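Take a look at the structure set out below.
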Amino acid sequence: MSSSAVTPAQPPGDERKKRRLALIGGSLGNLVEWYDWFVYASFAIYFADSFFPGDNPTTQLMNTAGIFAVGFLMRPVGGWILGRAADRRGRKSALTLTVTMMSVAALLIAVAPTYGQAGYFGALVLLLARLLQGLSIGGEYAASATYLTEASARNRRGLGSSFQYVSMTCGQLLGLGILITLQHTLSTAQLESWGWRIPFVFGALFAVVVFWLRRRLQETDAFKEQQADEGAGDDSTRGTLKALWEHRRQAGLVMALTLGGTVAYYTYTTYLTKYLVGSAGMAKTTATLVSFTALALFAVLQPFAGMLSDRIGRRPLLITFAVGCTVGTYPIMTALGSASSYWSALGLSLLALVIVTGYTSINAAVKAELFPTRVRALGVALPYAIANALFGGTAEYVALWFKSGGHEKMFFWYVSGCALVSLVTYVLMPDTRDAVLSRAEAKEHGHGKDGGGASAAAPAEAVR
């Protein structure tokens with residue numbers, strides 16, 4: 001096994017090609033994973049009454065949002081199981097497993113019977129599928145964040161990791177694009193009857209293609225070095241909770257820095273369409289088009305912000321996001337609630353997403369740079385998934401709960417408060433840009449400061 005430890009020196013052109021392929025492979029798989037995850041939220045306005053009877057649309061959406069949130073409760077479990085697998089068996093194997101699980105979950109939703117056909121059994125199938133998706137996504141985020149970060153050159157990790165949210169957003173755009181197409185080809189009655197099943201069938205088929213693609217990915221140099229160290233002595237704690245406990249401070253940082261970012265992201269992406277329809281009184285087709293256009297421009301912004309972080313560091317972008325979100329959420333959301341045209345809603349949505357870019361473009365790199373290789377995937381997965389289960393997955397439900405109680409604007413303060421907690425974290429935490437993730441990097445760049453305990457001065461720790 002030690003023969004695979006150190007990757008032989010390759011010509012610059014071959015090395016660049018290898019990194020491009022890793023970027024494409026990791027990103028396309030991530031795109032399909034998040035397409036399947038977000039398409040549930042995008043089409044909920046059409047299938048809510050298929051599974052939950054009643055005359056109150058808000059109550060029906062709260063039920064579907066509740067199942068959406070339940071999927072997040074499985075993310076810590078998926079983060080633990082698949083994060084451990086990624087640290088012990090490899091990033092590639094974990095990435096392949098996550099997309100398989102997502103394919104099965106999408107197929108379950110596509111064939112779930114409605115309330116009229118089987119009573120609440122259909123809702124149970126929906127719930128089981130979301131639980132399976134939660135397991136998958138819990139491991140997908142960490143595996144892809146770790147893979148994209150480790151596969152990138154040290155001075156381009158911000159750029160490389162930014163493609164995680166490029167692919168996440170493109171997955172959502174794909175779902176919205178299919179929604180817009182169906183809105184213009186099917187009647188509302190057809191969409192609510194059977195048309196909402198189409199995107200889930202596509203999701204299952206897309207995942208099969210990505211499974212084939214991910215089987216052909218190469219492992220990262222950092223993980224290969226970790227495998228080689230097992231030849232000298234097996235580390236039975238690698239990828240375990242015991243190993244993570246040794247880095248509990250970094251795990252706490254991941255939870256705190258995720259809090260504000262995940263609430264803001266889900267507020268301005270998955271909840272935005274429902275907010276424009278339910279609060280601003282905008283037509284469903286117009287609200288969907290606003291979300292689609294804003295997200296397309298948001299995806300384009302990610303690599304530029306990632307490159308900027310490679311030059312000036314991660315903390316300036318994180319702090320800018322947190323300040324903007326803390327002071328800007330209330331006025332932006334209030335204005336969106338009274339937006340009467342496509343252009344006004346688009347401008348306000350873009351303003352919000354530009355602010356959120358300070359977090360989304362680099363959070364994957366920051367989290368991966370905090371941990372050594374032996375526990376990097378689990379260290380990213382578990383605390384991130386817990387924060388998402390508690391705050392990201394419940395953001396839409398909390399918003400609808402405040403709305404149903406007649407206190408909708410209290411949600412705006414809730415988002416600002418979460419961002420404020422993260423702001424304090426960003427101010428106090430070290431910048432992780434100069435972290436060394438492998439001995440190959442340590443040898444290439446010499447000894448240098450590390451932001452997460454995997455330093456060039458102690459390269460062995462970087463892979464253990």
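As shown in the structure tokens, the chain order sets the letters A, B, ...; within each chain, residues go from 1, and ligands are also counted from 1 in the order they appear.
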Enumerate, in order of chain and increasing residue number, the residues of stretch 218-322 of chain A with an atom no farther than 6 Å from stretch 354-364 of chain A, each with its shortest atom pair and distance in Å to one decimal, counting only C-alpha atoms, as JSON lines.
{"residue": "A:Gly261", "atom": "CA", "partner": "A:Tyr359", "partner_atom": "CA", "distance": 6.0}
{"residue": "A:Gln302", "atom": "CA", "partner": "A:Ser361", "partner_atom": "CA", "distance": 4.9}
{"residue": "A:Gly306", "atom": "CA", "partner": "A:Ser361", "partner_atom": "CA", "distance": 5.5}
{"residue": "A:Leu317", "atom": "CA", "partner": "A:Gly358", "partner_atom": "CA", "distance": 4.7}
{"residue": "A:Leu318", "atom": "CA", "partner": "A:Gly358", "partner_atom": "CA", "distance": 5.3}
{"residue": "A:Phe321", "atom": "CA", "partner": "A:Gly358", "partner_atom": "CA", "distance": 4.8}
Generate the output file for the selected residues, all heavy atoms, as a CSV table (one decimal), in the first residue's frame.
chain,number,residue,atom,x,y,z
A,261,GLY,N,-24.6,31.4,8.1
A,261,GLY,CA,-24.5,31.1,6.7
A,261,GLY,C,-25.6,30.2,6.2
A,261,GLY,O,-26.3,30.5,5.2
A,302,GLN,N,-19.5,32.9,-7.4
A,302,GLN,CA,-18.8,32.1,-6.4
A,302,GLN,C,-17.3,32.0,-6.7
A,302,GLN,O,-16.5,32.2,-5.9
A,302,GLN,CB,-19.4,30.7,-6.3
A,302,GLN,CG,-20.9,30.7,-6.0
A,302,GLN,CD,-21.2,31.5,-4.7
A,302,GLN,OE1,-20.7,31.1,-3.6
A,302,GLN,NE2,-22.0,32.5,-4.8
A,306,GLY,N,-14.2,33.2,-4.4
A,306,GLY,CA,-13.2,32.2,-4.0
A,306,GLY,C,-11.7,32.6,-4.4
A,306,GLY,O,-10.8,32.5,-3.6
A,317,LEU,N,-13.9,38.0,3.9
A,317,LEU,CA,-15.1,37.7,3.2
A,317,LEU,C,-16.2,37.2,4.2
A,317,LEU,O,-17.4,37.6,4.1
A,317,LEU,CB,-14.9,36.6,2.1
A,317,LEU,CG,-14.5,37.1,0.7
A,317,LEU,CD1,-13.1,37.6,0.8
A,317,LEU,CD2,-14.7,36.0,-0.3
A,318,LEU,N,-15.8,36.4,5.1
A,318,LEU,CA,-16.8,35.9,6.1
A,318,LEU,C,-17.3,37.0,7.0
A,318,LEU,O,-18.5,37.1,7.2
A,318,LEU,CB,-16.1,34.8,7.0
A,318,LEU,CG,-15.7,33.5,6.4
A,318,LEU,CD1,-14.9,32.6,7.3
A,318,LEU,CD2,-17.0,32.7,6.0
A,321,PHE,N,-19.8,39.1,5.0
A,321,PHE,CA,-21.1,38.5,4.9
A,321,PHE,C,-21.9,38.7,6.2
A,321,PHE,O,-23.1,39.0,6.2
A,321,PHE,CB,-20.9,37.0,4.7
A,321,PHE,CG,-22.0,36.1,5.3
A,321,PHE,CD1,-23.3,36.1,4.8
A,321,PHE,CD2,-21.7,35.4,6.4
A,321,PHE,CE1,-24.3,35.4,5.4
A,321,PHE,CE2,-22.7,34.6,7.0
A,321,PHE,CZ,-24.0,34.6,6.5
Which residue, A:Thr146, A:Gln226, A:Ser103, A:Thr64, has the smallest gap to A:Val208 when you use only C-alpha atoms?
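Closest to A:Val208, using only C-alpha atoms: A:Ser103.
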DSSP helix (DSSP H, G or I) residues within stretch 72-256 of chain A, listed as an MDAnalysis selection string:
chainID A and resid 72:73 75:88 91:111 115:118 121:150 154:185 188:193 195:214 221:232 241:245 248:256
Separation of atom CA of A:Val421 from atom CA of A:Thr262, in Å and rounded to one decimal
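Going from atom CA of A:Val421 over to atom CA of A:Thr262, I get 12.4 Å.
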